[in-house]
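Undergrad: Have a look at the structure that comes next, please.
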Amino acid sequence: MNATDLLANTLSADANTRQDATQKLETAARDSYPEYMLMLSSVLVNENTPLHVRNAAGLALKNALSARESARQSEFTHRWLSLNTDTKAKIKQDALITLGSAQQKAGNFASQVVAAIAAVELPEGQWPDLIEILLGFVNTQPNANLKIATLQTIGFICEAIKPEILSLRSNEILTAVIHGARKEEPSPEVQLAAIHALYNSLEFIRENFEREGERNYIMQVVCEATQNQSVAVQVASFECLVRIMGLYYDKMALYMEQALFGLTVVGMKHADERVALQAVEFWSTVCEEEVDLAIEAQEAQEYGETPETESRYFAKIALPEIVPVLLLLLTKQEEDADDDEWNVSMAAGTCLSLLAGAVQDAIVPAVIPFIEAHIKSEDWHNREAAVMTFGSILEGPDPAVLTPLVNQALPLLINMMTDGNIHVKDTTAWTLGRICDLLISTIKPDIHLHPLISALVNGLTDSPRIVANCCWALMNLADQLGTYYEDDGAEVAQSGPLSRYYEGVVQALLRVTESGGNEANYRTAAYEAITSYLTQATPDAITVVQSTVVTILQRMEHLLNMQNQILGVDDRNNWNELQSNFCSVVICVIRKLNNGIQPLADRIMTLILQLIQAAGKTSTVLEDAFLVVGSLASALETNFAPYISAFLPFLYPALKAHEDTQLCTVAVGIIGDISRALGDQSAQYAGPFMTVLLENLQSEVLNRNVKISILSCFGDIALAIGPAFEPYLDTTMGVLRQAGGVEPNPLDYDLVDYVSQLREGILEAYTGIVTGLKKTEKASLLLPHSQHILELIHRCLSDEERTDSVMRLSYGLLGDLADSFPDGQLKQLLLSQWVVAELRSKHRMPPETKKTMRWAREMVKSATQ
């Protein structure tokens, strides 16, 4: 079979044909890589090949060159660079020729291939003439298709490659892109490609944007493009402005004043929804930036510093212009709008919420007249818009400003849960949920609670979206009321405001969960609400908790018995999702009852072991089942021992599922749970546990974040078994010392973050080991490792990017180490200049960290006197 037929078959409607062709291509890619790549490029460049097959060839080429996972990308890069020069030259030539294809879409595919090769070769100093070739295509070729595909290629390259690699060519690249985007360009298609390329290169041209003259010209071209006759160009231009605002807020004052205020307000009123959506998105971005800047300014003020970027208060200045437009857009709802389809009405509601966060109290007088004028309107569009407006401004303004308004509105909103229009009811349920979440103090138990709960419970029999919002509101009511009355210090030890409603609400939610479907996620929302009610249950409602978990266990048994009746993918997905919901409820009950779960423990473990077997390789269900086991171990402590031997055969395969990051992480956590639960009785399992964990650290496939969890788990095991950790001590200390030597690259933010988390895991491990051995006959085993531990503490505390948790762990570990040798054996090390200086430190730190530091100071003082 030739290459064209094979690629065509990968798109076949017949599953067997598709699978066979895909398998053959994968085999060719693995066993005959050079021939495979040449075959694909020859199909891509052939003008006589059907377009969909050329697309498949282009996609296969790109996928053979680029991957999301770094390890896989390294493999792809090495494989490509190992090809001989002639093979690479032929593939590159074919891709460049295809950029000018008569079939414009073929050029689109080729642009991705060229950019993928460039992302591999340019960082290695290869393909040095590529940018010159591409610039030549844009600047000198009359072929519009070639210009479009080339501009796309340039945009993709700028997005994929670090700016410093092409820093010498950035001016030429920007010139070519801007040239294509100018209003003088005769082809709107070329303009569109150029605007998209500019969008992709906005971070790449950061240095150009710093220079006022160049910035002015870029902004002029983009602003002019928002007035282009082509709607597609207008949309792309507003998208560009949105990204510019996100990246260069601090440079925008002049342009906002001269052009952007006017352009975006007019854009929000545009007849074409695509343009209006991007113009609204522009203001959403402004508000997000200014909310972040307000937080930064507050933090800076607390520390007596000046914020890096100061807010220009664009949202507050524009408030009188943009609020009326947003309110108008809120009334543009469609009767039969698809819930998943983003439209101007939804966008306006989101923007209004963000605006409330940015301008705070100022939003209230700007919208109240609209709410008052429309909340009783005959037209449902206006009623719904008024309720949406009210719900959208509840976060941002001072609660003291909102409280009288909410008190006044609550009875009306509760009554609107019986409105004749489904959209009004839906938004009302959402707004009540927001009030329960954000302003719980406005809900007076003796006035509002009964009508509110009645309205929400009645809403549980309505349409799926309304049910989902009623569940969410009921969940917020339980969570926030519980927290509010705890914080209030009121005497609610035995009872609470919701006590009398517990049984009725939970029963109503359980009826919702009996449904066979889950449209709008309403069944999942009901299970989440049940979990909240059980978590917040006061002692007088414990019988509801107990009866609910029995109901859930019965459902679990029933569903496990139906396992053989599962026929299709939908059935399996439904089964998986229900089992996950059941597990969530069981976990919450275990945590609530703690060792009071003992009478049900046998039944729970039996079901969970059946579930693990039935789940097969369904990772999410396995994770949830394992989390039940972990919760049960924590609750039962040493009484969990009888279940371990039955569970371990399922735990080890999960620990060895290196490609499944989440499952492996949960499995590692279970080892910690079991060790903590059994204490020194877990010593009999420590050997196998340590063996599998150390093997996992050697894995090249296992995600590095799981390895951090493993280091932390060493501390759990050591703390549990104390002196019995001796056989594993030297190996573990060697691993921790090696890991502690990893230094962050300040320019690589991901690495800085990773190293911070890594150090946290190492500190937790050391803390467990030191605490497990101190004040035992084996404490002296720590002496040979003390210097390395202190070196890590020093490194952590000297790091300018240290987090509060790293500081607290460092001080705690320092104190534990000193406390391990009160007889002065570590005196010289503990009198090091950096230790003395650090314990007298005047660093800003949270109270808990300061408390830990003071304790460490006392321990060091005792150990050095």
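Convention: chains lettered A, B, ... in structure tokens order; per-chain residue numbering from 1; ligands numbered from 1 as shown.
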For A:Leu817, work out the shell of residues within 10 Å, counting only C-alpha atoms and skipping chain neighbours fewer than 2 positions away, then give it as a count of residues only.
TA: 26
Undergrad: Need the shell around stretch 686-702 of chain A: protein/DNA/RNA residues with any atom at most 9 Å away, counting only C-alpha atoms. Skip same-chain ones fewer than 5 positions apart. Format as a PyMOL selection string?
TA: chain A and resi 71+652+655-661+664+668+671+675+707+710-711+713-714+717-718+721+724-725+727-728+732+735
Undergrad: Write out, as a PDB file, in the first residue's frame, the residues just selected, with N, CA and C atoms.
TA:
```pdb
ATOM      1  N   ALA A  71      10.593  15.043  28.080  1.00  0.00           N
ATOM      2  CA  ALA A  71      11.402  13.848  27.794  1.00  0.00           C
ATOM      3  C   ALA A  71      11.152  13.378  26.359  1.00  0.00           C
ATOM      4  N   TYR A 652       0.719  -2.051  45.178  1.00  0.00           N
ATOM      5  CA  TYR A 652       2.009  -2.103  44.474  1.00  0.00           C
ATOM      6  C   TYR A 652       1.893  -1.837  42.965  1.00  0.00           C
ATOM      7  N   LEU A 655       1.708   1.815  42.484  1.00  0.00           N
ATOM      8  CA  LEU A 655       2.998   2.469  42.712  1.00  0.00           C
ATOM      9  C   LEU A 655       3.924   2.300  41.504  1.00  0.00           C
ATOM     10  N   LYS A 656       3.685   1.239  40.735  1.00  0.00           N
ATOM     11  CA  LYS A 656       4.543   0.985  39.572  1.00  0.00           C
ATOM     12  C   LYS A 656       3.948   1.536  38.279  1.00  0.00           C
ATOM     13  N   ALA A 657       2.788   2.206  38.376  1.00  0.00           N
ATOM     14  CA  ALA A 657       2.165   2.812  37.188  1.00  0.00           C
ATOM     15  C   ALA A 657       2.807   4.172  36.943  1.00  0.00           C
ATOM     16  N   HIS A 658       4.078   4.146  36.505  1.00  0.00           N
ATOM     17  CA  HIS A 658       4.873   5.379  36.443  1.00  0.00           C
ATOM     18  C   HIS A 658       4.327   6.423  35.471  1.00  0.00           C
ATOM     19  N   GLU A 659       3.604   5.977  34.456  1.00  0.00           N
ATOM     20  CA  GLU A 659       3.102   6.943  33.475  1.00  0.00           C
ATOM     21  C   GLU A 659       1.829   7.626  33.961  1.00  0.00           C
ATOM     22  N   ASP A 660       1.224   7.083  34.995  1.00  0.00           N
ATOM     23  CA  ASP A 660      -0.009   7.667  35.529  1.00  0.00           C
ATOM     24  C   ASP A 660       0.339   8.502  36.765  1.00  0.00           C
ATOM     25  N   THR A 661       0.676   9.747  36.515  1.00  0.00           N
ATOM     26  CA  THR A 661       1.193  10.632  37.578  1.00  0.00           C
ATOM     27  C   THR A 661       0.254  10.721  38.777  1.00  0.00           C
ATOM     28  N   CYS A 664      -0.133   7.402  40.774  1.00  0.00           N
ATOM     29  CA  CYS A 664       1.107   7.103  41.493  1.00  0.00           C
ATOM     30  C   CYS A 664       1.264   8.027  42.710  1.00  0.00           C
ATOM     31  N   VAL A 668       1.500   6.778  46.601  1.00  0.00           N
ATOM     32  CA  VAL A 668       2.593   7.167  47.514  1.00  0.00           C
ATOM     33  C   VAL A 668       1.995   7.747  48.801  1.00  0.00           C
ATOM     34  N   ILE A 671       0.918   5.142  51.335  1.00  0.00           N
ATOM     35  CA  ILE A 671       2.004   4.595  52.173  1.00  0.00           C
ATOM     36  C   ILE A 671       2.179   5.471  53.413  1.00  0.00           C
ATOM     37  N   SER A 675       1.499   4.245  57.229  1.00  0.00           N
ATOM     38  CA  SER A 675       2.600   4.348  58.203  1.00  0.00           C
ATOM     39  C   SER A 675       2.168   5.166  59.419  1.00  0.00           C
ATOM     40  N   LYS A 707       8.154  12.335  42.552  1.00  0.00           N
ATOM     41  CA  LYS A 707       9.394  12.036  43.283  1.00  0.00           C
ATOM     42  C   LYS A 707       9.514  12.917  44.537  1.00  0.00           C
ATOM     43  N   ILE A 710       7.539  11.266  47.101  1.00  0.00           N
ATOM     44  CA  ILE A 710       8.252  10.090  47.625  1.00  0.00           C
ATOM     45  C   ILE A 710       9.237  10.515  48.718  1.00  0.00           C
ATOM     46  N   LEU A 711       9.975  11.601  48.475  1.00  0.00           N
ATOM     47  CA  LEU A 711      10.929  12.085  49.483  1.00  0.00           C
ATOM     48  C   LEU A 711      10.199  12.412  50.787  1.00  0.00           C
ATOM     49  N   CYS A 713       7.438  11.155  51.749  1.00  0.00           N
ATOM     50  CA  CYS A 713       6.938   9.895  52.309  1.00  0.00           C
ATOM     51  C   CYS A 713       8.014   9.188  53.145  1.00  0.00           C
ATOM     52  N   PHE A 714       9.282   9.338  52.754  1.00  0.00           N
ATOM     53  CA  PHE A 714      10.368   8.779  53.581  1.00  0.00           C
ATOM     54  C   PHE A 714      10.245   9.300  55.015  1.00  0.00           C
ATOM     55  N   ILE A 717       7.432   7.456  56.903  1.00  0.00           N
ATOM     56  CA  ILE A 717       7.830   6.106  57.327  1.00  0.00           C
ATOM     57  C   ILE A 717       8.772   6.193  58.527  1.00  0.00           C
ATOM     58  N   ALA A 718       9.779   7.074  58.421  1.00  0.00           N
ATOM     59  CA  ALA A 718      10.777   7.206  59.496  1.00  0.00           C
ATOM     60  C   ALA A 718      10.133   7.665  60.798  1.00  0.00           C
ATOM     61  N   ILE A 721       8.179   4.645  62.373  1.00  0.00           N
ATOM     62  CA  ILE A 721       8.867   3.457  62.918  1.00  0.00           C
ATOM     63  C   ILE A 721      10.090   3.808  63.760  1.00  0.00           C
ATOM     64  N   ALA A 724      13.579   1.802  64.086  1.00  0.00           N
ATOM     65  CA  ALA A 724      13.541   0.700  63.110  1.00  0.00           C
ATOM     66  C   ALA A 724      13.846   1.184  61.691  1.00  0.00           C
ATOM     67  N   PHE A 725      13.996   2.513  61.521  1.00  0.00           N
ATOM     68  CA  PHE A 725      14.334   3.059  60.196  1.00  0.00           C
ATOM     69  C   PHE A 725      15.830   2.908  59.894  1.00  0.00           C
ATOM     70  N   PRO A 727      17.957   0.539  59.043  1.00  0.00           N
ATOM     71  CA  PRO A 727      18.474  -0.134  57.839  1.00  0.00           C
ATOM     72  C   PRO A 727      18.378   0.709  56.566  1.00  0.00           C
ATOM     73  N   TYR A 728      17.478   1.689  56.559  1.00  0.00           N
ATOM     74  CA  TYR A 728      17.253   2.477  55.339  1.00  0.00           C
ATOM     75  C   TYR A 728      17.881   3.874  55.448  1.00  0.00           C
ATOM     76  N   THR A 732      18.719   6.536  52.337  1.00  0.00           N
ATOM     77  CA  THR A 732      17.787   7.670  52.261  1.00  0.00           C
ATOM     78  C   THR A 732      18.532   8.992  52.377  1.00  0.00           C
ATOM     79  N   VAL A 735      20.204   9.883  49.156  1.00  0.00           N
ATOM     80  CA  VAL A 735      19.241  10.379  48.157  1.00  0.00           C
ATOM     81  C   VAL A 735      18.860  11.826  48.469  1.00  0.00           C
TER      82      VAL A 735
END
```
Undergrad: Fewer than 4 positions away in the same chain doesn't count, so skip those; otherwise give me all residues within 12 Å of stretch 336-345 of chain A, counting only C-alpha atoms, as JSON, numbers by chain.
TA: {"A": [267, 268, 269, 270, 271, 272, 273, 274, 275, 276, 277, 278, 279, 280, 281, 325, 326, 327, 328, 329, 330, 331, 332, 349, 350, 351, 352, 381, 382, 384, 385, 388, 389, 422, 423, 426, 464, 465, 519, 520]}
Undergrad: Residues of the last selection are to be written out with C-alpha atoms, as a PDB file, in the first residue's frame.
TA:
```
ATOM      1  CA  GLY A 267     -16.390  47.631  19.365  1.00  0.00           C
ATOM      2  CA  MET A 268     -18.613  46.293  22.182  1.00  0.00           C
ATOM      3  CA  LYS A 269     -21.645  47.661  20.286  1.00  0.00           C
ATOM      4  CA  HIS A 270     -20.570  46.047  16.990  1.00  0.00           C
ATOM      5  CA  ALA A 271     -23.326  44.239  15.089  1.00  0.00           C
ATOM      6  CA  ASP A 272     -21.096  41.189  14.615  1.00  0.00           C
ATOM      7  CA  GLU A 273     -20.933  39.262  17.890  1.00  0.00           C
ATOM      8  CA  ARG A 274     -17.369  38.067  17.220  1.00  0.00           C
ATOM      9  CA  VAL A 275     -16.059  41.647  17.303  1.00  0.00           C
ATOM     10  CA  ALA A 276     -18.183  42.589  20.319  1.00  0.00           C
ATOM     11  CA  LEU A 277     -16.908  39.552  22.257  1.00  0.00           C
ATOM     12  CA  GLN A 278     -13.273  40.574  21.801  1.00  0.00           C
ATOM     13  CA  ALA A 279     -13.986  44.195  22.724  1.00  0.00           C
ATOM     14  CA  VAL A 280     -15.678  43.006  25.954  1.00  0.00           C
ATOM     15  CA  GLU A 281     -12.727  40.669  26.560  1.00  0.00           C
ATOM     16  CA  VAL A 325     -22.936  49.070  27.139  1.00  0.00           C
ATOM     17  CA  LEU A 326     -22.413  46.001  29.328  1.00  0.00           C
ATOM     18  CA  LEU A 327     -25.920  46.346  30.772  1.00  0.00           C
ATOM     19  CA  LEU A 328     -27.351  46.611  27.258  1.00  0.00           C
ATOM     20  CA  LEU A 329     -25.439  43.473  26.193  1.00  0.00           C
ATOM     21  CA  LEU A 330     -26.834  41.605  29.211  1.00  0.00           C
ATOM     22  CA  THR A 331     -30.322  41.990  27.683  1.00  0.00           C
ATOM     23  CA  LYS A 332     -29.222  40.273  24.432  1.00  0.00           C
ATOM     24  CA  GLY A 349     -21.858  39.229  32.856  1.00  0.00           C
ATOM     25  CA  THR A 350     -18.289  38.008  33.343  1.00  0.00           C
ATOM     26  CA  CYS A 351     -16.887  41.460  32.554  1.00  0.00           C
ATOM     27  CA  LEU A 352     -19.316  43.065  35.017  1.00  0.00           C
ATOM     28  CA  HIS A 381     -34.743  39.624  28.976  1.00  0.00           C
ATOM     29  CA  ASN A 382     -34.755  42.713  31.195  1.00  0.00           C
ATOM     30  CA  GLU A 384     -32.956  38.256  33.848  1.00  0.00           C
ATOM     31  CA  ALA A 385     -30.415  40.984  33.041  1.00  0.00           C
ATOM     32  CA  MET A 388     -27.593  38.828  36.540  1.00  0.00           C
ATOM     33  CA  THR A 389     -26.344  42.372  37.222  1.00  0.00           C
ATOM     34  CA  ILE A 422     -36.623  29.310  32.911  1.00  0.00           C
ATOM     35  CA  HIS A 423     -33.705  31.718  32.262  1.00  0.00           C
ATOM     36  CA  ASP A 426     -31.720  29.838  36.490  1.00  0.00           C
ATOM     37  CA  PRO A 464     -31.063  20.419  34.955  1.00  0.00           C
ATOM     38  CA  ARG A 465     -29.327  23.829  34.967  1.00  0.00           C
ATOM     39  CA  GLU A 519     -27.065  16.942  32.207  1.00  0.00           C
ATOM     40  CA  ALA A 520     -25.438  20.238  33.230  1.00  0.00           C
TER      41      ALA A 520
END
```
Undergrad: Need to verify the contact set: A:Tyr36, 8 Å, only C-alpha atoms, exclusion of same-chain residues closer than 6 positions in sequence. Can you return it as number ranges by chain?
TA: A: 25, 28-29
Undergrad: Any chance you can output those residues with C-alpha atoms as a PDB file, in the first residue's frame?
TA:
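Writing done, so here's out-v4.pdb:
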```pdb
ATOM      1  CA  LEU A  25       2.492   4.307  10.273  1.00  0.00           C
ATOM      2  CA  ALA A  28       7.276   2.857  10.089  1.00  0.00           C
ATOM      3  CA  ALA A  29       8.022   5.871  12.338  1.00  0.00           C
TER       4      ALA A  29
END
```
Undergrad: What's around stretch 438-441 of chain A at 8 Å? Count only C-alpha atoms, leave out sequence neighbours fewer than 4 positions away in its own chain, and write the answer as a PDB file with C-alpha atoms, in the first residue's frame.
TA:
```pdb
ATOM      1  CA  LEU A 394     -21.556  40.827  44.880  1.00  0.00           C
ATOM      2  CA  GLU A 395     -17.770  40.416  45.022  1.00  0.00           C
ATOM      3  CA  PRO A 399     -19.944  44.004  52.257  1.00  0.00           C
ATOM      4  CA  THR A 403     -25.667  44.308  52.956  1.00  0.00           C
ATOM      5  CA  ARG A 434     -23.559  33.833  45.195  1.00  0.00           C
ATOM      6  CA  LEU A 477     -25.319  27.692  52.437  1.00  0.00           C
ATOM      7  CA  GLN A 480     -20.625  29.239  54.788  1.00  0.00           C
ATOM      8  CA  LEU A 481     -23.189  29.006  57.590  1.00  0.00           C
ATOM      9  CA  TYR A 484     -19.744  31.742  59.933  1.00  0.00           C
TER      10      TYR A 484
END
```
Undergrad: When you look at A:Glu726 with a cut-off of 8 Å (counting only C-alpha atoms), what residues show up, excluding the ones that are within fewer than 3 positions of it in the same chain? I need them as JSON, numbers by chain.
TA: {"A": [723, 729, 730, 778, 781]}
Undergrad: Can you pull out every residue within 10 Å of A:Phe204, counting only C-alpha atoms, but drop anything in the same chain fewer than 4 positions away, and send it as a ChimeraX atom specification?
TA: /A:155,157-164,166-167,170,173-174,198-200,208-209
Undergrad: Keeping only C-alpha atoms, write the selected residues to a file as a PDB file, in the first residue's frame.
TA:
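For reference, out_9.pdb as written:
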```pdb
ATOM      1  CA  GLY A 155       4.169  33.697  14.092  1.00  0.00           C
ATOM      2  CA  ILE A 157       8.298  30.320  15.267  1.00  0.00           C
ATOM      3  CA  CYS A 158       8.123  33.454  17.442  1.00  0.00           C
ATOM      4  CA  GLU A 159       5.714  31.705  19.771  1.00  0.00           C
ATOM      5  CA  ALA A 160       7.807  28.528  20.066  1.00  0.00           C
ATOM      6  CA  ILE A 161      11.358  29.877  20.321  1.00  0.00           C
ATOM      7  CA  LYS A 162      13.074  31.872  23.058  1.00  0.00           C
ATOM      8  CA  PRO A 163      13.519  35.483  21.877  1.00  0.00           C
ATOM      9  CA  GLU A 164      17.294  35.495  22.460  1.00  0.00           C
ATOM     10  CA  LEU A 166      16.536  35.204  17.074  1.00  0.00           C
ATOM     11  CA  SER A 167      17.313  38.500  18.807  1.00  0.00           C
ATOM     12  CA  SER A 170      13.733  40.535  15.620  1.00  0.00           C
ATOM     13  CA  ILE A 173      10.762  39.928  11.605  1.00  0.00           C
ATOM     14  CA  LEU A 174       8.662  42.691  13.173  1.00  0.00           C
ATOM     15  CA  LEU A 198       1.855  39.685  15.428  1.00  0.00           C
ATOM     16  CA  TYR A 199      -0.364  38.160  18.122  1.00  0.00           C
ATOM     17  CA  ASN A 200       1.947  35.134  18.367  1.00  0.00           C
ATOM     18  CA  ASN A 208      10.761  46.581  20.391  1.00  0.00           C
ATOM     19  CA  PHE A 209       7.745  47.332  22.554  1.00  0.00           C
TER      20      PHE A 209
END
```
